[in-house]
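K.L.:
Please read through the structure below; I'll follow up with questions.
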Amino acid sequence: MTGEKLRFHPSVVLENVVQVAAIIALMFISSIQMMRVEIVMGVLAVLAIAALLLFLRWRRTTVQFNENEIVLERNTVFKMKKSIPYSKIALINVDRGVINRIFGTSKLKVNVNSSKNAMVPEAVMVFKKELADRIKDDLSQHMHSSEPVEYIDEISALQIGPWDVMMHGLFSQSTVQIVSGVFLLGLSVFELYGDVNGGGGFVPLLMFLVVNVLPTIMSMVHYANFKVYRVNDTIYLQHGLVGKYRTSFKSSRINAVRVRSTLASRLFGMSYVEAEVVGLSSDKNSKRPVLCLLKKDAIIEAAMRELVPEFIYERRAMKQPETARYPIAVKAAIVSSLIVLLCVYQTYLMNGFAKEMSLSGLELTLVQNIFTIIGSLLVVATVLWAIWSYRIKEISLGEELFTFVNGVMDRSVTTMSYDKVQIVRVEKGPIARRYGLAIGSVSLLSSIGGGNVISGYFPEEQLDRVHKIVMERMTNGKYDYHKNES
Amino acid sequence: MAREFEVNENGLTAEGFKVLDPKVKKAMRLGVLLFLIISVTITALVLVFKNDLGDAYWPLLIICTLIDVVAVSDLIVVPSVFYARYRYNVGEDRIDVLRGVLVIKHMVVPVERIHQVEVTRGPIKNMFGLADVTITTAGGTATIEYLDLSEAEGIATNLNEKVLKILKERV
């Protein structure tokens, strides 16, 4: 950590050129038979220019390992200067591809805990293997380390049996998924019934299997033998029929708790609980851990008291004010108008098609009116969405926690801690502004990278309270960073 | 103009938010102009190859013309409105960005949540001595756009120092 400006190993240029060449090859592979000399020369010229640009980029990119931070600087046409404090680094991976092995180099990939680079590393640096190893060791010493949690086997705090796992697999699917599944199944039966030659209905049946049956089975296999319990401030989770998924995390790492229910599950008075936990590694298939599968609402409440009492508070729900109906109605009117326009255009095209094909009778009526029927249904759905959207959305602002309720079909009640809020946005459109209303959006670090939780239309001063409380808690000492590692 | 964007004789809003450098308008116009040249060229190509395009001619022409019209309005209207409706403030413990033409957006980032600060500038911004400051938190990024380069560098240095100070205090 000398602060000296370093340049990456030059092999990085070759690696990038190979990548560009591979992309070009992929683009031209289908037309390889009609390759002409001019095209080959053109491709080579593009490759040469790319190589030159990549070389210049390498020449003008430096990295400095200072006392407290990494500073990456690129002085090309698109200039960049990036500082990464060591204590914000979440992960350092070493990667060695074929080119790295040929040149005796290693690729250091640095990730910080942020939405932007949950999937893509914040910095990728190529050095000689020995230097890379030394840098990795030095960086690891600077990194913030969290206490490892050992796994303890205990009896589950919740009684989750095979029936619950089956119900969860069937009814935790989104309403759109269930509706499209029913439609596809119906279509396949209809086609099968009407097809005398056999083979009809196969495609919709296959789609039904992929869209509904497979996810249901996967969910059942994934959540079989579900077990969850809490010891002190650590929550333990295990499930799985074929492979066993084991996860444990401290309650302080939970950024938000979400109680979800689909339209189908609400018919049975059931919901399930998810937690937003950052940096889980053991459950790669489901990075957002489910704390309780679909259960009756009373059991869900008890489960939350047992597992995440930190996220329970006396909620004083605030419904959207009456004036919120106006911006919602305008949105619905715009969407409906677009639907009508599209349907009118499609009906015009279909009429032309019907004339060309010389259709008659029922077929002609169906072709001429199909988009009128679809359009009317969509407009009705939009109006219903607007009405329900107005009725359902709520916010509650407590002292330490706050909640947004969302979702017309598939509902989610998200309870968040002010101390986990990263960015607050308050937005007001021209109609909402007239009535002093706005929409609030809160950014949190979620299990799958960054996540925004968006409110409905509420008085602007109420939404402003969110960021005011966040800042107040920092200044009056209520915010304890020890409890809020991210 | 909306009350929150009104500035006093010191160029600050009632909440102490700052105004961007007026050259932001020129930089934006140049960017849109380049885009307009490309889109008009594509429209011209569609007109030239009318016979080859067959049934696709009219839909393509309508789409290209619409893009051209939007680009022209972008060239004339957007830079002035963007400039008039963009305010920012880098305070001791928070960063505020207030912006928006039709939809007014107010973004608040607590300094405590900052992971990293980045100064970036493309060729057009570079020509005008402008830069963006991108602030990365665990929950997403926030950008203060079209800042004067020295102002951007100053903000980045200031924020980096604050973040390092917070981190040192916790060790």
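So you can find residues: chains in the structure tokens are A, B, ... in the order shown, residues in each start at 1, and ligands are numbered from 1 in order.
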Compile the contact shell of Leu102 of chain B as a VMD selection string: residues with an atom at most 9 Å away, counting only C-alpha atoms, same-chain residues fewer than 4 positions apart removed.

P.N.:
chain A and resid 428 to 430

K.L.:
So that I can check the surroundings of segment 299-314 of chain A, please list as a PyMOL selection string every protein, DNA and RNA residue that reaches within 12 Å of it, counting only C-alpha atoms and ignoring chain neighbours fewer than 4 positions away.

P.N.:
chain A and resi 156-160+228-237+249-261+269-276+290-295+396-403+413-418+483

K.L.:
Residues as selected, C-alpha atoms, written as a PDB file, in the first residue's frame, can you do that?

P.N.:
```
ATOM      1  CA  SER A 156     -37.850 -25.489  13.911  1.00  0.00           C
ATOM      2  CA  ALA A 157     -39.649 -22.560  15.470  1.00  0.00           C
ATOM      3  CA  LEU A 158     -42.458 -23.071  12.978  1.00  0.00           C
ATOM      4  CA  GLN A 159     -44.427 -26.178  12.088  1.00  0.00           C
ATOM      5  CA  ILE A 160     -44.023 -26.418   8.322  1.00  0.00           C
ATOM      6  CA  VAL A 228     -36.270 -22.064  10.661  1.00  0.00           C
ATOM      7  CA  TYR A 229     -35.315 -20.922  14.145  1.00  0.00           C
ATOM      8  CA  ARG A 230     -33.605 -18.118  15.965  1.00  0.00           C
ATOM      9  CA  VAL A 231     -30.912 -18.355  18.625  1.00  0.00           C
ATOM     10  CA  ASN A 232     -30.073 -15.031  20.258  1.00  0.00           C
ATOM     11  CA  ASP A 233     -29.686 -12.635  17.330  1.00  0.00           C
ATOM     12  CA  THR A 234     -28.952 -15.261  14.676  1.00  0.00           C
ATOM     13  CA  ILE A 235     -31.579 -16.741  12.372  1.00  0.00           C
ATOM     14  CA  TYR A 236     -30.982 -20.231  11.012  1.00  0.00           C
ATOM     15  CA  LEU A 237     -32.702 -21.481   7.916  1.00  0.00           C
ATOM     16  CA  PHE A 249     -27.481 -14.603   9.333  1.00  0.00           C
ATOM     17  CA  LYS A 250     -27.625 -12.070  12.113  1.00  0.00           C
ATOM     18  CA  SER A 251     -30.876 -10.168  12.446  1.00  0.00           C
ATOM     19  CA  SER A 252     -28.882  -6.928  12.112  1.00  0.00           C
ATOM     20  CA  ARG A 253     -28.191  -7.868   8.487  1.00  0.00           C
ATOM     21  CA  ILE A 254     -31.883  -7.818   7.596  1.00  0.00           C
ATOM     22  CA  ASN A 255     -32.665  -4.627   5.706  1.00  0.00           C
ATOM     23  CA  ALA A 256     -36.386  -5.186   5.318  1.00  0.00           C
ATOM     24  CA  VAL A 257     -39.053  -7.777   5.972  1.00  0.00           C
ATOM     25  CA  ARG A 258     -41.703  -8.342   3.356  1.00  0.00           C
ATOM     26  CA  VAL A 259     -45.034 -10.094   3.929  1.00  0.00           C
ATOM     27  CA  ARG A 260     -46.267 -11.244   0.544  1.00  0.00           C
ATOM     28  CA  SER A 261     -49.562 -12.639  -0.639  1.00  0.00           C
ATOM     29  CA  GLY A 269     -56.225 -15.994   4.061  1.00  0.00           C
ATOM     30  CA  MET A 270     -52.557 -16.909   3.680  1.00  0.00           C
ATOM     31  CA  SER A 271     -49.294 -15.054   3.176  1.00  0.00           C
ATOM     32  CA  TYR A 272     -45.555 -15.708   3.451  1.00  0.00           C
ATOM     33  CA  VAL A 273     -42.559 -13.799   4.804  1.00  0.00           C
ATOM     34  CA  GLU A 274     -39.362 -12.870   2.979  1.00  0.00           C
ATOM     35  CA  ALA A 275     -36.348 -11.062   4.358  1.00  0.00           C
ATOM     36  CA  GLU A 276     -33.953  -8.795   2.519  1.00  0.00           C
ATOM     37  CA  VAL A 290     -38.124 -17.003   2.888  1.00  0.00           C
ATOM     38  CA  LEU A 291     -38.576 -17.006   6.661  1.00  0.00           C
ATOM     39  CA  CYS A 292     -42.017 -18.577   6.613  1.00  0.00           C
ATOM     40  CA  LEU A 293     -43.849 -20.378   3.810  1.00  0.00           C
ATOM     41  CA  LEU A 294     -47.524 -19.711   3.018  1.00  0.00           C
ATOM     42  CA  LYS A 295     -49.464 -19.868   6.289  1.00  0.00           C
ATOM     43  CA  SER A 396     -47.045   3.896   8.060  1.00  0.00           C
ATOM     44  CA  LEU A 397     -44.239   5.926   9.570  1.00  0.00           C
ATOM     45  CA  GLY A 398     -43.090   4.771  12.993  1.00  0.00           C
ATOM     46  CA  GLU A 399     -40.149   5.919  15.097  1.00  0.00           C
ATOM     47  CA  GLU A 400     -37.670   3.277  13.979  1.00  0.00           C
ATOM     48  CA  LEU A 401     -39.553   1.447  11.262  1.00  0.00           C
ATOM     49  CA  PHE A 402     -41.787   2.385   8.394  1.00  0.00           C
ATOM     50  CA  THR A 403     -43.962   0.375   6.025  1.00  0.00           C
ATOM     51  CA  VAL A 413     -46.213  -5.235   2.967  1.00  0.00           C
ATOM     52  CA  THR A 414     -42.598  -4.069   3.262  1.00  0.00           C
ATOM     53  CA  THR A 415     -41.355  -3.006   6.676  1.00  0.00           C
ATOM     54  CA  MET A 416     -38.029  -1.203   6.632  1.00  0.00           C
ATOM     55  CA  SER A 417     -35.702   0.299   9.176  1.00  0.00           C
ATOM     56  CA  TYR A 418     -34.841   3.986   8.712  1.00  0.00           C
ATOM     57  CA  LYS A 483     -26.235  -2.659  14.267  1.00  0.00           C
TER      58      LYS A 483
END
```

K.L.:
Would you please extract all strand (DSSP E or B) residues from segment 245-303 of chain A, as assigned by DSSP on the backbone, and give them as a PyMOL selection string?

P.N.:
chain A and resi 245-250+254-261+270-277+290-296

K.L.:
Store the residues picked out above, limited to N, CA, C and O atoms, as an mmCIF file, in the first residue's frame.

P.N.:
```
data_model
loop_
_atom_site.group_PDB
_atom_site.id
_atom_site.type_symbol
_atom_site.label_atom_id
_atom_site.label_comp_id
_atom_site.auth_asym_id
_atom_site.auth_seq_id
_atom_site.Cartn_x
_atom_site.Cartn_y
_atom_site.Cartn_z
ATOM 1 N N TYR A 245 -30.108 -26.702 1.639
ATOM 2 C CA TYR A 245 -29.671 -25.309 1.693
ATOM 3 C C TYR A 245 -29.628 -24.870 3.141
ATOM 4 O O TYR A 245 -30.626 -25.018 3.854
ATOM 5 N N ARG A 246 -28.501 -24.395 3.552
ATOM 6 C CA ARG A 246 -28.363 -23.940 4.933
ATOM 7 C C ARG A 246 -27.874 -22.506 4.930
ATOM 8 O O ARG A 246 -26.896 -22.187 4.268
ATOM 9 N N THR A 247 -28.562 -21.689 5.646
ATOM 10 C CA THR A 247 -28.190 -20.278 5.721
ATOM 11 C C THR A 247 -28.321 -19.818 7.165
ATOM 12 O O THR A 247 -29.223 -20.274 7.863
ATOM 13 N N SER A 248 -27.436 -18.974 7.576
ATOM 14 C CA SER A 248 -27.624 -18.333 8.876
ATOM 15 C C SER A 248 -27.154 -16.889 8.758
ATOM 16 O O SER A 248 -26.201 -16.603 8.029
ATOM 17 N N PHE A 249 -27.856 -16.022 9.405
ATOM 18 C CA PHE A 249 -27.481 -14.603 9.333
ATOM 19 C C PHE A 249 -27.958 -13.893 10.590
ATOM 20 O O PHE A 249 -28.936 -14.315 11.218
ATOM 21 N N LYS A 250 -27.224 -12.846 10.936
ATOM 22 C CA LYS A 250 -27.625 -12.070 12.113
ATOM 23 C C LYS A 250 -28.814 -11.179 11.757
ATOM 24 O O LYS A 250 -28.895 -10.695 10.627
ATOM 25 N N ILE A 254 -30.618 -7.899 8.339
ATOM 26 C CA ILE A 254 -31.883 -7.818 7.596
ATOM 27 C C ILE A 254 -32.191 -6.341 7.331
ATOM 28 O O ILE A 254 -32.242 -5.541 8.261
ATOM 29 N N ASN A 255 -32.366 -6.014 6.070
ATOM 30 C CA ASN A 255 -32.665 -4.627 5.706
ATOM 31 C C ASN A 255 -34.158 -4.337 5.692
ATOM 32 O O ASN A 255 -34.573 -3.210 5.924
ATOM 33 N N ALA A 256 -34.934 -5.363 5.357
ATOM 34 C CA ALA A 256 -36.386 -5.186 5.318
ATOM 35 C C ALA A 256 -37.050 -6.547 5.427
ATOM 36 O O ALA A 256 -36.459 -7.559 5.075
ATOM 37 N N VAL A 257 -38.265 -6.537 5.926
ATOM 38 C CA VAL A 257 -39.053 -7.777 5.972
ATOM 39 C C VAL A 257 -40.296 -7.539 5.137
ATOM 40 O O VAL A 257 -40.931 -6.490 5.243
ATOM 41 N N ARG A 258 -40.594 -8.528 4.290
ATOM 42 C CA ARG A 258 -41.703 -8.342 3.356
ATOM 43 C C ARG A 258 -42.723 -9.454 3.545
ATOM 44 O O ARG A 258 -42.369 -10.629 3.425
ATOM 45 N N VAL A 259 -43.960 -9.092 3.856
ATOM 46 C CA VAL A 259 -45.034 -10.094 3.929
ATOM 47 C C VAL A 259 -45.741 -10.061 2.586
ATOM 48 O O VAL A 259 -46.277 -9.032 2.181
ATOM 49 N N ARG A 260 -45.713 -11.193 1.904
ATOM 50 C CA ARG A 260 -46.267 -11.244 0.544
ATOM 51 C C ARG A 260 -47.515 -12.121 0.489
ATOM 52 O O ARG A 260 -47.588 -13.124 1.201
ATOM 53 N N SER A 261 -48.419 -11.756 -0.387
ATOM 54 C CA SER A 261 -49.562 -12.639 -0.639
ATOM 55 C C SER A 261 -49.983 -12.471 -2.088
ATOM 56 O O SER A 261 -49.946 -11.360 -2.621
ATOM 57 N N MET A 270 -53.942 -16.516 3.420
ATOM 58 C CA MET A 270 -52.557 -16.909 3.680
ATOM 59 C C MET A 270 -51.552 -15.917 3.087
ATOM 60 O O MET A 270 -51.838 -15.261 2.095
ATOM 61 N N SER A 271 -50.393 -15.874 3.704
ATOM 62 C CA SER A 271 -49.294 -15.054 3.176
ATOM 63 C C SER A 271 -47.962 -15.694 3.585
ATOM 64 O O SER A 271 -47.957 -16.650 4.358
ATOM 65 N N TYR A 272 -46.864 -15.175 3.063
ATOM 66 C CA TYR A 272 -45.555 -15.708 3.451
ATOM 67 C C TYR A 272 -44.588 -14.552 3.714
ATOM 68 O O TYR A 272 -44.862 -13.403 3.341
ATOM 69 N N VAL A 273 -43.478 -14.861 4.375
ATOM 70 C CA VAL A 273 -42.559 -13.799 4.804
ATOM 71 C C VAL A 273 -41.189 -13.976 4.148
ATOM 72 O O VAL A 273 -40.611 -15.066 4.170
ATOM 73 N N GLU A 274 -40.709 -12.893 3.563
ATOM 74 C CA GLU A 274 -39.362 -12.870 2.979
ATOM 75 C C GLU A 274 -38.524 -11.849 3.746
ATOM 76 O O GLU A 274 -39.068 -10.884 4.283
ATOM 77 N N ALA A 275 -37.232 -12.062 3.742
ATOM 78 C CA ALA A 275 -36.348 -11.062 4.358
ATOM 79 C C ALA A 275 -35.350 -10.589 3.310
ATOM 80 O O ALA A 275 -34.939 -11.361 2.454
ATOM 81 N N GLU A 276 -35.010 -9.319 3.392
ATOM 82 C CA GLU A 276 -33.953 -8.795 2.519
ATOM 83 C C GLU A 276 -32.656 -8.867 3.304
ATOM 84 O O GLU A 276 -32.451 -8.092 4.236
ATOM 85 N N VAL A 277 -31.836 -9.842 2.984
ATOM 86 C CA VAL A 277 -30.575 -10.015 3.712
ATOM 87 C C VAL A 277 -29.432 -9.916 2.714
ATOM 88 O O VAL A 277 -29.459 -10.552 1.664
ATOM 89 N N VAL A 290 -36.742 -16.961 2.426
ATOM 90 C CA VAL A 290 -38.124 -17.003 2.888
ATOM 91 C C VAL A 290 -38.094 -17.471 4.332
ATOM 92 O O VAL A 290 -37.583 -18.544 4.639
ATOM 93 N N LEU A 291 -38.608 -16.659 5.238
ATOM 94 C CA LEU A 291 -38.576 -17.006 6.661
ATOM 95 C C LEU A 291 -39.752 -17.883 7.051
ATOM 96 O O LEU A 291 -39.679 -18.637 8.009
ATOM 97 N N CYS A 292 -40.858 -17.732 6.324
ATOM 98 C CA CYS A 292 -42.017 -18.577 6.613
ATOM 99 C C CYS A 292 -42.786 -18.804 5.323
ATOM 100 O O CYS A 292 -43.072 -17.853 4.598
ATOM 101 N N LEU A 293 -43.088 -20.071 5.022
ATOM 102 C CA LEU A 293 -43.849 -20.378 3.810
ATOM 103 C C LEU A 293 -45.305 -19.965 4.001
ATOM 104 O O LEU A 293 -45.683 -19.519 5.090
ATOM 105 N N LEU A 294 -46.112 -20.131 2.954
ATOM 106 C CA LEU A 294 -47.524 -19.711 3.018
ATOM 107 C C LEU A 294 -48.223 -20.304 4.237
ATOM 108 O O LEU A 294 -48.244 -21.523 4.411
ATOM 109 N N LYS A 295 -48.749 -19.459 5.078
ATOM 110 C CA LYS A 295 -49.464 -19.868 6.289
ATOM 111 C C LYS A 295 -50.603 -18.885 6.522
ATOM 112 O O LYS A 295 -50.609 -17.784 5.958
ATOM 113 N N LYS A 296 -51.506 -19.256 7.390
ATOM 114 C CA LYS A 296 -52.609 -18.356 7.738
ATOM 115 C C LYS A 296 -52.025 -17.074 8.336
ATOM 116 O O LYS A 296 -50.979 -17.113 9.003
#
```

K.L.:
Where does DSSP see helix (DSSP H, G or I) in segment 49-113 of chain B, if you list the residues as a PyMOL selection string?

P.N.:
chain B and resi 50-76+78-84+111-113

K.L.:
Keeping only N, CA, C and O atoms, write the selected residues as a short mmCIF file (atom, residue, chain, number, x, y, z; two decimals), in the first residue's frame.

P.N.:
```cif
data_model
loop_
_atom_site.label_atom_id
_atom_site.label_comp_id
_atom_site.auth_asym_id
_atom_site.auth_seq_id
_atom_site.Cartn_x
_atom_site.Cartn_y
_atom_site.Cartn_z
N LYS B 50 -36.74 4.16 -50.31
CA LYS B 50 -38.19 3.98 -50.22
C LYS B 50 -38.65 2.69 -50.94
O LYS B 50 -39.36 1.87 -50.38
N ASN B 51 -38.19 2.53 -52.19
CA ASN B 51 -38.66 1.39 -52.99
C ASN B 51 -38.18 0.05 -52.43
O ASN B 51 -38.86 -0.96 -52.54
N ASP B 52 -36.97 0.06 -51.85
CA ASP B 52 -36.42 -1.20 -51.32
C ASP B 52 -37.08 -1.62 -50.02
O ASP B 52 -37.05 -2.79 -49.64
N LEU B 53 -37.65 -0.64 -49.31
CA LEU B 53 -38.19 -0.96 -47.97
C LEU B 53 -39.59 -1.55 -48.02
O LEU B 53 -40.04 -2.17 -47.06
N GLY B 54 -40.28 -1.39 -49.14
CA GLY B 54 -41.61 -2.00 -49.31
C GLY B 54 -42.60 -1.55 -48.24
O GLY B 54 -42.73 -0.35 -47.97
N ASP B 55 -43.26 -2.55 -47.58
CA ASP B 55 -44.29 -2.24 -46.57
C ASP B 55 -43.72 -1.56 -45.33
O ASP B 55 -44.46 -0.91 -44.58
N ALA B 56 -42.42 -1.76 -45.10
CA ALA B 56 -41.81 -1.20 -43.88
C ALA B 56 -41.56 0.31 -44.01
O ALA B 56 -41.23 0.97 -43.02
N TYR B 57 -41.73 0.85 -45.26
CA TYR B 57 -41.37 2.25 -45.50
C TYR B 57 -42.13 3.23 -44.60
O TYR B 57 -41.53 4.03 -43.88
N TRP B 58 -43.47 3.15 -44.62
CA TRP B 58 -44.26 4.13 -43.87
C TRP B 58 -44.05 4.05 -42.36
O TRP B 58 -43.80 5.08 -41.72
N PRO B 59 -44.14 2.82 -41.76
CA PRO B 59 -43.87 2.77 -40.30
C PRO B 59 -42.49 3.31 -39.95
O PRO B 59 -42.34 4.07 -38.98
N LEU B 60 -41.46 2.95 -40.78
CA LEU B 60 -40.10 3.43 -40.50
C LEU B 60 -40.02 4.95 -40.60
O LEU B 60 -39.40 5.61 -39.76
N LEU B 61 -40.66 5.49 -41.66
CA LEU B 61 -40.62 6.94 -41.87
C LEU B 61 -41.29 7.68 -40.71
O LEU B 61 -40.78 8.70 -40.22
N ILE B 62 -42.44 7.13 -40.25
CA ILE B 62 -43.15 7.76 -39.13
C ILE B 62 -42.28 7.74 -37.87
O ILE B 62 -42.12 8.77 -37.19
N ILE B 63 -41.67 6.57 -37.59
CA ILE B 63 -40.84 6.45 -36.37
C ILE B 63 -39.65 7.41 -36.45
O ILE B 63 -39.37 8.16 -35.50
N CYS B 64 -38.97 7.42 -37.63
CA CYS B 64 -37.78 8.29 -37.78
C CYS B 64 -38.17 9.76 -37.65
O CYS B 64 -37.46 10.54 -37.00
N THR B 65 -39.31 10.13 -38.27
CA THR B 65 -39.74 11.53 -38.21
C THR B 65 -40.06 11.92 -36.77
O THR B 65 -39.71 13.01 -36.32
N LEU B 66 -40.73 11.00 -36.06
CA LEU B 66 -41.05 11.28 -34.65
C LEU B 66 -39.78 11.50 -33.84
O LEU B 66 -39.70 12.44 -33.04
N ILE B 67 -38.78 10.63 -34.09
CA ILE B 67 -37.50 10.78 -33.36
C ILE B 67 -36.87 12.13 -33.69
O ILE B 67 -36.36 12.83 -32.81
N ASP B 68 -36.91 12.52 -34.98
CA ASP B 68 -36.35 13.81 -35.40
C ASP B 68 -37.06 14.97 -34.69
O ASP B 68 -36.41 15.90 -34.21
N VAL B 69 -38.40 14.88 -34.65
CA VAL B 69 -39.18 15.96 -34.03
C VAL B 69 -38.82 16.07 -32.54
O VAL B 69 -38.60 17.17 -32.01
N VAL B 70 -38.74 14.89 -31.87
CA VAL B 70 -38.39 14.88 -30.44
C VAL B 70 -36.98 15.48 -30.25
O VAL B 70 -36.75 16.29 -29.34
N ALA B 71 -36.06 15.10 -31.15
CA ALA B 71 -34.68 15.61 -31.04
C ALA B 71 -34.64 17.12 -31.24
O ALA B 71 -33.92 17.82 -30.52
N VAL B 72 -35.44 17.63 -32.20
CA VAL B 72 -35.46 19.08 -32.44
C VAL B 72 -36.00 19.81 -31.20
O VAL B 72 -35.44 20.81 -30.76
N SER B 73 -37.10 19.24 -30.62
CA SER B 73 -37.65 19.89 -29.42
C SER B 73 -36.65 19.80 -28.26
O SER B 73 -36.54 20.72 -27.44
N ASP B 74 -35.91 18.66 -28.21
CA ASP B 74 -34.86 18.49 -27.20
C ASP B 74 -33.80 19.58 -27.35
O ASP B 74 -33.30 20.12 -26.39
N LEU B 75 -33.48 19.87 -28.61
CA LEU B 75 -32.45 20.85 -28.91
C LEU B 75 -32.89 22.26 -28.49
O LEU B 75 -32.10 23.03 -27.93
N ILE B 76 -34.16 22.55 -28.73
CA ILE B 76 -34.64 23.92 -28.48
C ILE B 76 -35.05 24.11 -27.01
O ILE B 76 -34.67 25.09 -26.38
N VAL B 78 -35.28 21.50 -24.13
CA VAL B 78 -34.80 20.76 -22.94
C VAL B 78 -33.61 21.41 -22.22
O VAL B 78 -33.66 21.55 -20.99
N PRO B 79 -32.54 21.85 -22.94
CA PRO B 79 -31.40 22.39 -22.19
C PRO B 79 -31.77 23.56 -21.27
O PRO B 79 -31.33 23.60 -20.12
N SER B 80 -32.60 24.48 -21.78
CA SER B 80 -32.97 25.64 -20.95
C SER B 80 -33.80 25.21 -19.75
O SER B 80 -33.58 25.69 -18.62
N VAL B 81 -34.75 24.29 -20.00
CA VAL B 81 -35.62 23.84 -18.90
C VAL B 81 -34.80 23.03 -17.89
O VAL B 81 -34.97 23.17 -16.68
N PHE B 82 -33.89 22.19 -18.41
CA PHE B 82 -33.04 21.38 -17.52
C PHE B 82 -32.22 22.30 -16.61
O PHE B 82 -32.15 22.09 -15.40
N TYR B 83 -31.64 23.32 -17.24
CA TYR B 83 -30.82 24.27 -16.47
C TYR B 83 -31.66 25.00 -15.42
O TYR B 83 -31.25 25.17 -14.28
N ALA B 84 -32.86 25.41 -15.86
CA ALA B 84 -33.72 26.16 -14.94
C ALA B 84 -34.24 25.29 -13.80
O ALA B 84 -34.59 25.79 -12.74
N VAL B 111 -24.63 11.29 3.64
CA VAL B 111 -23.18 11.11 3.40
C VAL B 111 -22.69 9.81 4.04
O VAL B 111 -21.85 9.10 3.51
N GLU B 112 -23.28 9.48 5.19
CA GLU B 112 -22.91 8.28 5.94
C GLU B 112 -23.04 7.01 5.09
O GLU B 112 -22.36 6.03 5.32
N ARG B 113 -23.95 7.02 4.10
CA ARG B 113 -24.22 5.82 3.30
C ARG B 113 -23.30 5.68 2.08
O ARG B 113 -23.39 4.73 1.34
#
```

K.L.:
Can you work out the spacing between atom CA of Phe208 of chain A and atom CA of Ser180 of chain A in Å, to one decimal?

P.N.:
8.0 Å

K.L.:
Mind checking which residues fall within 10 Å of Val203 of chain A, counting only C-alpha atoms, ignoring those fewer than 2 positions away in the same chain, and posting them as a ChimeraX atom specification?

P.N.:
/A:184,187-188,191,199-201,205-209

K.L.:
Go ahead and save the picked residues with N, CA and C atoms, as a PDB file, in the first residue's frame.

P.N.:
```
ATOM      1  N   LEU A 184     -53.225 -21.375 -20.655  1.00  0.00           N
ATOM      2  CA  LEU A 184     -52.485 -22.324 -21.492  1.00  0.00           C
ATOM      3  C   LEU A 184     -53.051 -23.735 -21.364  1.00  0.00           C
ATOM      4  N   LEU A 187     -56.285 -23.808 -23.241  1.00  0.00           N
ATOM      5  CA  LEU A 187     -56.020 -23.794 -24.684  1.00  0.00           C
ATOM      6  C   LEU A 187     -55.580 -25.171 -25.175  1.00  0.00           C
ATOM      7  N   SER A 188     -54.727 -25.823 -24.389  1.00  0.00           N
ATOM      8  CA  SER A 188     -54.233 -27.132 -24.813  1.00  0.00           C
ATOM      9  C   SER A 188     -55.384 -28.150 -24.831  1.00  0.00           C
ATOM     10  N   GLU A 191     -57.526 -27.329 -27.915  1.00  0.00           N
ATOM     11  CA  GLU A 191     -56.879 -27.757 -29.164  1.00  0.00           C
ATOM     12  C   GLU A 191     -56.872 -29.276 -29.280  1.00  0.00           C
ATOM     13  N   GLY A 199     -51.796 -34.646 -31.920  1.00  0.00           N
ATOM     14  CA  GLY A 199     -50.648 -33.720 -31.860  1.00  0.00           C
ATOM     15  C   GLY A 199     -51.038 -32.311 -31.494  1.00  0.00           C
ATOM     16  N   GLY A 200     -52.342 -31.970 -31.569  1.00  0.00           N
ATOM     17  CA  GLY A 200     -52.786 -30.614 -31.234  1.00  0.00           C
ATOM     18  C   GLY A 200     -52.686 -30.374 -29.737  1.00  0.00           C
ATOM     19  N   GLY A 201     -52.480 -29.130 -29.362  1.00  0.00           N
ATOM     20  CA  GLY A 201     -52.428 -28.780 -27.941  1.00  0.00           C
ATOM     21  C   GLY A 201     -51.099 -29.063 -27.288  1.00  0.00           C
ATOM     22  N   LEU A 205     -49.501 -26.980 -23.929  1.00  0.00           N
ATOM     23  CA  LEU A 205     -49.300 -27.889 -22.794  1.00  0.00           C
ATOM     24  C   LEU A 205     -47.850 -27.808 -22.308  1.00  0.00           C
ATOM     25  N   LEU A 206     -46.930 -27.768 -23.283  1.00  0.00           N
ATOM     26  CA  LEU A 206     -45.503 -27.665 -22.943  1.00  0.00           C
ATOM     27  C   LEU A 206     -45.228 -26.345 -22.217  1.00  0.00           C
ATOM     28  N   MET A 207     -45.870 -25.270 -22.741  1.00  0.00           N
ATOM     29  CA  MET A 207     -45.685 -23.958 -22.106  1.00  0.00           C
ATOM     30  C   MET A 207     -46.259 -23.950 -20.691  1.00  0.00           C
ATOM     31  N   PHE A 208     -47.397 -24.617 -20.507  1.00  0.00           N
ATOM     32  CA  PHE A 208     -48.010 -24.714 -19.180  1.00  0.00           C
ATOM     33  C   PHE A 208     -47.052 -25.426 -18.217  1.00  0.00           C
ATOM     34  N   LEU A 209     -46.424 -26.500 -18.736  1.00  0.00           N
ATOM     35  CA  LEU A 209     -45.483 -27.250 -17.894  1.00  0.00           C
ATOM     36  C   LEU A 209     -44.310 -26.365 -17.477  1.00  0.00           C
TER      37      LEU A 209
END
```

K.L.:
Would you please work out which residue, of B:Leu159, B:Ala44, B:Leu149, B:Val77, is nearest to Met28 of chain B when using only C-alpha atoms?

P.N.:
B:Val77

K.L.:
List as a ChimeraX atom specification the protein and nucleic acid residues near Ala132 of chain A, meaning an atom at most 9 Å away when only C-alpha atoms are counted, but skip any in the same chain fewer than 5 places from it.

P.N.:
/A:94,105-108,125-127,137

K.L.:
Once you have the residues from the selection above, write them out as a compact mmCIF listing (two decimals), in the first residue's frame, restricted to C-alpha atoms.

P.N.:
```txt
# COMPACT_ATOMS: atom_id res chain seq x y z
CA VAL A 94 -8.95 -14.07 -7.92
CA THR A 105 -0.94 -13.23 -14.25
CA SER A 106 -4.02 -13.14 -12.01
CA LYS A 107 -7.18 -11.11 -12.27
CA LEU A 108 -8.27 -9.42 -9.05
CA MET A 125 -7.24 -5.51 -12.10
CA VAL A 126 -4.67 -7.73 -13.82
CA PHE A 127 -1.20 -8.11 -12.30
CA ASP A 137 -3.51 -10.38 1.11
```
